[in-house]
Amino acid sequence: MRLLLLSDIHANLEALEACLAAAPEYDFVANLGDVVGYGASPNEVVERARGLGKMFVRGNHDKAATGLIELSDFNPLAATSAVWTRDQLTAEHHQWLQSLPQGPLALEGFSQAQLVHGSPADEDLYVVSLGDALVPLLAETTPLTFFGHTHLQGGFFANGNSADGFRPEYRTVGKAESVSLQLKPATRYLINPGSVGQPRDGDWRAAFALFDSHAQVVHFHRTPYNLKAAQDRIFAANLPPRLATRLAAGR
Ligand code: ZN
């Protein structure tokens with residue numbers, strides 16, 4: 001089966017549409033949280049994401065925008081956008097976001113894989129370094145964990161002899177591209193498809209991944225999208241301009 005992995009869409013409709021247009025054929029869609037927050041199209045993105053399937057885990061921004069957590073832990077940019085998003089969401093979309101399940105979520109039909117937003121141990125924890133990844137990699141019995149939250153495409157692995165991190169390396173900075181990772185037997189993986197709507201790995205292109213469970217290959221993708229349209233919506237909504245300018249830098 002072929003599973004399309006989307007994470008951290010962050011209410012960026014233009015980036016989501018570009019990913020869906022660029023994605024190869026898939027059977028199911030899994031969503032790793034932060035459907036909303038930062039971007040200026042929360043209702044449109046919720047509508048679109050809901051139409052893609054039922055596999056979701058919630059992100060911290062989904063919780064913040066629906067009152068499930070206090071905003072005191074959020075930086076001012078994140079808090080401002082969470083309040084704005086809360087005001088924008090329709091009652092139906094608010095209720096849907098609020099009811100998203102907490103990870104880890106076992107992937108139905110993929111018995112060897114699970115979905116989380118942050119870390120398998122804590123949905124709000126950031127797995128940035130190999131040090132962050134080692135604890136879950138060594139503790140987890142599920143070989144394959146798909147995670148988001150950091151907005152950094154790539155991941156970590158551990159087997160009997162070694163553990164390391166990896167990042168897909170692309171040839172261009174502006175074209176649609178894909179890099180494949182062949183999964184090895186007897187190895188545990190934490191894999192981040194990257195952020196659809198607000199990449200922070202220095203690459204402005206929208207990120208996603210596709211997992212082919214039969215071939216045991218993860219295909220990482222980057223695709224250009226209509227950046228200006230996404231930025232214009234943020235300016236028009238009177239959200240902090242930094243939320244628009246950072247999209248161009250991928251930071
Ligand atoms: Zn996020």
# chains A, B, ... in the order shown; residues from 1 in each chain; ligands from 1
>>> select_by_dssp(residues="region 54-204 of chain A", states="strand (DSSP E or B)", output="ChimeraX atom specification")
/A:55-56,105-106,113-115,144-146,154-158,163-166,177-182,188-192
>>> write_last_selection(atoms="N, CA, C and O atoms", output="compact mmCIF listing (two decimals), in the first residue's frame")
# COMPACT_ATOMS: atom_id res chain seq x y z
N MET A 55 -7.22 9.39 8.78
CA MET A 55 -6.05 9.13 9.62
C MET A 55 -5.40 10.44 10.06
O MET A 55 -4.74 11.10 9.27
N PHE A 56 -5.63 10.81 11.31
CA PHE A 56 -5.10 12.06 11.83
C PHE A 56 -4.58 11.88 13.25
O PHE A 56 -5.16 11.10 14.01
N LEU A 105 -0.69 6.81 17.14
CA LEU A 105 -1.82 6.15 16.53
C LEU A 105 -1.29 5.03 15.63
O LEU A 105 -0.49 5.30 14.73
N ALA A 106 -1.70 3.80 15.91
CA ALA A 106 -1.27 2.68 15.06
C ALA A 106 -1.90 2.85 13.68
O ALA A 106 -3.07 3.20 13.56
N ALA A 113 3.79 0.27 11.75
CA ALA A 113 4.01 1.72 11.73
C ALA A 113 3.00 2.45 12.62
O ALA A 113 1.92 1.96 12.89
N GLN A 114 3.42 3.63 13.08
CA GLN A 114 2.55 4.46 13.89
C GLN A 114 2.75 5.94 13.55
O GLN A 114 3.77 6.32 12.98
N LEU A 115 1.76 6.75 13.93
CA LEU A 115 1.79 8.19 13.68
C LEU A 115 1.85 8.95 15.00
O LEU A 115 1.13 8.61 15.93
N LEU A 144 8.58 1.51 12.85
CA LEU A 144 8.49 2.69 11.99
C LEU A 144 7.54 3.72 12.61
O LEU A 144 6.36 3.41 12.82
N THR A 145 8.07 4.88 12.93
CA THR A 145 7.24 5.97 13.47
C THR A 145 7.33 7.16 12.54
O THR A 145 8.42 7.62 12.21
N PHE A 146 6.19 7.65 12.11
CA PHE A 146 6.16 8.89 11.33
C PHE A 146 5.80 10.03 12.27
O PHE A 146 4.83 9.94 13.01
N GLY A 154 13.18 14.60 7.04
CA GLY A 154 14.27 13.64 7.24
C GLY A 154 13.94 12.69 8.36
O GLY A 154 12.79 12.32 8.53
N GLY A 155 14.96 12.29 9.13
CA GLY A 155 14.65 11.41 10.25
C GLY A 155 15.87 10.77 10.88
O GLY A 155 17.00 11.27 10.73
N PHE A 156 15.61 9.67 11.57
CA PHE A 156 16.64 8.99 12.36
C PHE A 156 16.42 7.49 12.28
O PHE A 156 15.29 7.03 12.10
N PHE A 157 17.50 6.72 12.44
CA PHE A 157 17.37 5.27 12.47
C PHE A 157 18.30 4.69 13.51
O PHE A 157 19.29 5.32 13.93
N ALA A 158 17.99 3.48 13.96
CA ALA A 158 18.87 2.74 14.87
C ALA A 158 18.74 1.26 14.56
O ALA A 158 17.64 0.75 14.34
N ALA A 163 23.39 4.18 14.94
CA ALA A 163 22.24 5.08 14.94
C ALA A 163 22.70 6.38 14.31
O ALA A 163 23.83 6.82 14.51
N ASP A 164 21.84 7.01 13.53
CA ASP A 164 22.22 8.26 12.89
C ASP A 164 20.97 9.00 12.42
O ASP A 164 19.87 8.45 12.43
N GLY A 165 21.20 10.23 11.98
CA GLY A 165 20.13 11.02 11.38
C GLY A 165 20.35 11.13 9.89
O GLY A 165 21.45 10.86 9.41
N PHE A 166 19.32 11.52 9.16
CA PHE A 166 19.50 11.71 7.73
C PHE A 166 18.56 12.81 7.23
O PHE A 166 17.50 13.05 7.81
N GLU A 177 10.97 17.87 -6.78
CA GLU A 177 11.99 16.81 -6.72
C GLU A 177 11.61 15.77 -5.70
O GLU A 177 10.82 16.02 -4.78
N SER A 178 12.24 14.60 -5.83
CA SER A 178 11.99 13.52 -4.88
C SER A 178 13.28 12.75 -4.60
O SER A 178 14.12 12.62 -5.48
N VAL A 179 13.43 12.32 -3.37
CA VAL A 179 14.59 11.53 -2.95
C VAL A 179 14.06 10.30 -2.21
O VAL A 179 13.18 10.43 -1.36
N SER A 180 14.56 9.13 -2.54
CA SER A 180 14.01 7.89 -1.97
C SER A 180 14.94 7.29 -0.91
O SER A 180 16.16 7.36 -1.04
N LEU A 181 14.32 6.70 0.10
CA LEU A 181 15.06 6.03 1.16
C LEU A 181 14.57 4.59 1.25
O LEU A 181 13.39 4.35 1.54
N GLN A 182 15.46 3.65 0.99
CA GLN A 182 15.11 2.23 1.13
C GLN A 182 15.26 1.83 2.60
O GLN A 182 16.35 1.96 3.18
N ARG A 188 15.03 0.38 13.27
CA ARG A 188 13.92 1.24 13.70
C ARG A 188 14.10 2.63 13.12
O ARG A 188 15.23 3.14 13.07
N TYR A 189 13.00 3.20 12.72
CA TYR A 189 13.06 4.52 12.08
C TYR A 189 12.09 5.50 12.72
O TYR A 189 10.97 5.14 13.11
N LEU A 190 12.52 6.75 12.78
CA LEU A 190 11.64 7.89 13.04
C LEU A 190 11.73 8.75 11.79
O LEU A 190 12.82 9.23 11.44
N ILE A 191 10.60 8.94 11.09
CA ILE A 191 10.66 9.64 9.81
C ILE A 191 9.69 10.80 9.78
O ILE A 191 8.51 10.66 10.11
N ASN A 192 10.23 11.96 9.38
CA ASN A 192 9.44 13.20 9.31
C ASN A 192 9.28 13.59 7.84
O ASN A 192 10.28 13.83 7.15
>>> residues_around(residues="Val127 (chain A)", least_positions_apart="5", cutoff="10 Å", atoms="only C-alpha atoms", output="ChimeraX atom specification")
/A:117-120,132-134,136,147-150,152,155-156,190,192
>>> write_last_selection(atoms="C-alpha atoms", output="CSV table (one decimal), in the first residue's frame")
chain,number,residue,atom,x,y,z
A,117,HIS,CA,3.0,14.7,16.1
A,118,GLY,CA,6.0,15.2,18.3
A,119,SER,CA,7.6,12.1,19.9
A,120,PRO,CA,6.0,8.7,20.7
A,132,ASP,CA,16.2,13.5,21.1
A,133,ALA,CA,15.6,10.5,18.8
A,134,LEU,CA,17.6,7.9,20.6
A,136,PRO,CA,12.2,6.7,21.5
A,147,PHE,CA,6.4,12.2,13.1
A,148,GLY,CA,6.2,16.0,12.5
A,149,HIS,CA,6.3,19.1,14.7
A,150,THR,CA,9.9,20.2,13.9
A,152,LEU,CA,12.4,19.5,9.3
A,155,GLY,CA,14.7,11.4,10.3
A,156,PHE,CA,16.6,9.0,12.4
A,190,LEU,CA,11.6,7.9,13.0
A,192,ASN,CA,9.4,13.2,9.3
>>> closest_residue(among="A:Thr187, A:Asn226, A:Gln198, A:Thr90", to="ligand 1", atoms="only C-alpha atoms and all ligand atoms")
A:Gln198
>>> residues_near_ligand(ligand="ligand 1", cutoff="10 Å", atoms="only C-alpha atoms and all ligand atoms", output="number ranges by chain")
A: 7-10, 32-38, 59-62, 78, 117-118, 148-151, 194-200
>>> write_last_selection(atoms="N, CA, C and O atoms", output="short mmCIF file (atom, residue, chain, number, x, y, z; two decimals), in the first residue's frame")
data_model
loop_
_atom_site.label_atom_id
_atom_site.label_comp_id
_atom_site.auth_asym_id
_atom_site.auth_seq_id
_atom_site.Cartn_x
_atom_site.Cartn_y
_atom_site.Cartn_z
N SER A 7 2.17 16.63 6.97
CA SER A 7 2.31 17.12 8.33
C SER A 7 2.44 18.65 8.32
O SER A 7 2.91 19.23 7.34
N ASP A 8 2.01 19.25 9.42
CA ASP A 8 2.23 20.69 9.61
C ASP A 8 1.82 21.50 8.37
O ASP A 8 2.61 22.28 7.85
N ILE A 9 0.57 21.34 7.99
CA ILE A 9 0.05 22.10 6.84
C ILE A 9 -0.09 23.57 7.22
O ILE A 9 0.11 24.47 6.40
N HIS A 10 -0.45 23.82 8.48
CA HIS A 10 -0.50 25.18 9.00
C HIS A 10 -1.30 26.15 8.14
O HIS A 10 -0.85 27.27 7.85
N LEU A 32 -0.17 14.23 10.19
CA LEU A 32 0.57 14.20 11.47
C LEU A 32 0.36 15.44 12.34
O LEU A 32 1.13 15.68 13.26
N GLY A 33 -0.68 16.21 12.06
CA GLY A 33 -1.04 17.30 12.96
C GLY A 33 -0.58 18.68 12.55
O GLY A 33 0.19 18.84 11.62
N ASP A 34 -1.07 19.69 13.31
CA ASP A 34 -0.92 21.10 12.95
C ASP A 34 -1.52 21.39 11.58
O ASP A 34 -0.86 21.92 10.68
N VAL A 35 -2.79 21.05 11.48
CA VAL A 35 -3.55 21.37 10.27
C VAL A 35 -3.68 22.89 10.15
O VAL A 35 -3.64 23.44 9.06
N VAL A 36 -3.82 23.56 11.31
CA VAL A 36 -4.00 25.02 11.31
C VAL A 36 -2.91 25.71 12.14
O VAL A 36 -2.06 25.07 12.74
N GLY A 37 -3.00 27.03 12.17
CA GLY A 37 -2.02 27.86 12.89
C GLY A 37 -1.03 28.45 11.91
O GLY A 37 -0.61 27.76 10.98
N TYR A 38 -0.68 29.72 12.09
CA TYR A 38 0.27 30.48 11.26
C TYR A 38 -0.31 30.95 9.93
O TYR A 38 -0.22 32.11 9.59
N GLY A 59 -2.04 18.17 16.51
CA GLY A 59 -0.80 18.90 16.80
C GLY A 59 -1.05 19.95 17.86
O GLY A 59 -2.21 20.23 18.23
N ASN A 60 0.02 20.53 18.37
CA ASN A 60 -0.13 21.54 19.42
C ASN A 60 -0.90 22.76 18.94
O ASN A 60 -1.65 23.38 19.70
N HIS A 61 -0.76 23.11 17.65
CA HIS A 61 -1.51 24.27 17.13
C HIS A 61 -3.00 23.96 16.97
O HIS A 61 -3.83 24.86 17.09
N ASP A 62 -3.32 22.69 16.67
CA ASP A 62 -4.73 22.30 16.62
C ASP A 62 -5.35 22.42 18.01
O ASP A 62 -6.50 22.84 18.16
N ALA A 78 3.08 32.69 17.46
CA ALA A 78 2.21 31.51 17.49
C ALA A 78 0.91 31.81 18.24
O ALA A 78 -0.17 31.40 17.82
N HIS A 117 2.61 13.30 16.51
CA HIS A 117 2.96 14.67 16.12
C HIS A 117 4.39 14.99 16.53
O HIS A 117 5.23 15.32 15.71
N GLY A 118 4.68 14.87 17.82
CA GLY A 118 6.03 15.18 18.32
C GLY A 118 6.89 13.94 18.47
O GLY A 118 7.58 13.53 17.55
N GLY A 148 6.09 14.62 13.07
CA GLY A 148 6.17 15.96 12.49
C GLY A 148 6.70 16.92 13.54
O GLY A 148 7.66 16.63 14.23
N HIS A 149 6.04 18.10 13.64
CA HIS A 149 6.27 19.06 14.72
C HIS A 149 7.52 19.93 14.53
O HIS A 149 7.50 21.10 14.85
N THR A 150 8.64 19.36 14.04
CA THR A 150 9.87 20.16 13.90
C THR A 150 9.92 20.91 12.58
O THR A 150 10.73 21.83 12.43
N HIS A 151 9.09 20.52 11.62
CA HIS A 151 9.10 21.12 10.28
C HIS A 151 10.43 20.87 9.55
O HIS A 151 10.83 21.66 8.70
N GLY A 194 8.38 16.26 6.71
CA GLY A 194 8.58 17.70 6.54
C GLY A 194 7.25 18.43 6.63
O GLY A 194 6.19 17.82 6.74
N SER A 195 7.31 19.74 6.62
CA SER A 195 6.11 20.56 6.76
C SER A 195 5.57 20.96 5.40
O SER A 195 6.30 21.50 4.57
N VAL A 196 4.27 20.71 5.21
CA VAL A 196 3.61 21.16 3.98
C VAL A 196 3.63 22.69 3.93
O VAL A 196 4.05 23.29 2.93
N GLY A 197 3.19 23.33 5.01
CA GLY A 197 2.85 24.74 4.92
C GLY A 197 3.81 25.74 5.54
O GLY A 197 3.61 26.95 5.39
N GLN A 198 4.83 25.26 6.27
CA GLN A 198 5.80 26.21 6.83
C GLN A 198 7.14 25.51 7.08
O GLN A 198 7.56 25.31 8.22
N PRO A 199 7.84 25.12 6.01
CA PRO A 199 9.12 24.43 6.17
C PRO A 199 10.12 25.29 6.94
O PRO A 199 10.11 26.52 6.83
N ARG A 200 10.96 24.62 7.74
CA ARG A 200 11.98 25.36 8.52
C ARG A 200 13.38 24.78 8.31
O ARG A 200 14.26 24.97 9.14
#
>>> select_by_dssp(residues="region 21-136 of chain A", states="alpha helix (DSSP H)", output="PyMOL selection string")
chain A and resi 21-22+42-50+60-65+76-88+91-98+130-136
>>> atom_distance(atom1="CA of Pro241 (chain A)", atom2="CA of Leu77 (chain A)")
9.8 Å
>>> atom_distance(atom1="CA of Phe110 (chain A)", atom2="CA of Val217 (chain A)")
13.5 Å
>>> decode(residues="region 105-117 of chain A", atoms="N, CA and C atoms", output="compact mmCIF listing (two decimals), in the first residue's frame")
# COMPACT_ATOMS: atom_id res chain seq x y z
N LEU A 105 -0.69 6.81 17.14
CA LEU A 105 -1.82 6.15 16.53
C LEU A 105 -1.29 5.03 15.63
N ALA A 106 -1.70 3.80 15.91
CA ALA A 106 -1.27 2.68 15.06
C ALA A 106 -1.90 2.85 13.68
N LEU A 107 -1.12 2.64 12.66
CA LEU A 107 -1.63 2.77 11.30
C LEU A 107 -2.38 1.50 10.92
N GLU A 108 -3.66 1.64 10.68
CA GLU A 108 -4.46 0.47 10.28
C GLU A 108 -3.96 -0.06 8.94
N GLY A 109 -3.74 -1.35 8.89
CA GLY A 109 -3.26 -1.94 7.64
C GLY A 109 -1.74 -1.86 7.51
N PHE A 110 -1.11 -1.10 8.39
CA PHE A 110 0.35 -1.00 8.39
C PHE A 110 0.80 -1.36 9.82
N SER A 111 0.78 -2.64 10.16
CA SER A 111 0.95 -3.05 11.55
C SER A 111 2.31 -2.64 12.12
N GLN A 112 3.26 -2.34 11.25
CA GLN A 112 4.60 -2.02 11.70
C GLN A 112 4.83 -0.52 11.84
N ALA A 113 3.79 0.27 11.75
CA ALA A 113 4.01 1.72 11.73
C ALA A 113 3.00 2.45 12.62
N GLN A 114 3.42 3.63 13.08
CA GLN A 114 2.55 4.46 13.89
C GLN A 114 2.75 5.94 13.55
N LEU A 115 1.76 6.75 13.93
CA LEU A 115 1.79 8.19 13.68
C LEU A 115 1.85 8.95 15.00
N VAL A 116 2.70 9.97 15.06
CA VAL A 116 2.72 10.88 16.21
C VAL A 116 2.93 12.30 15.68
N HIS A 117 2.61 13.30 16.51
CA HIS A 117 2.96 14.67 16.12
C HIS A 117 4.39 14.99 16.53
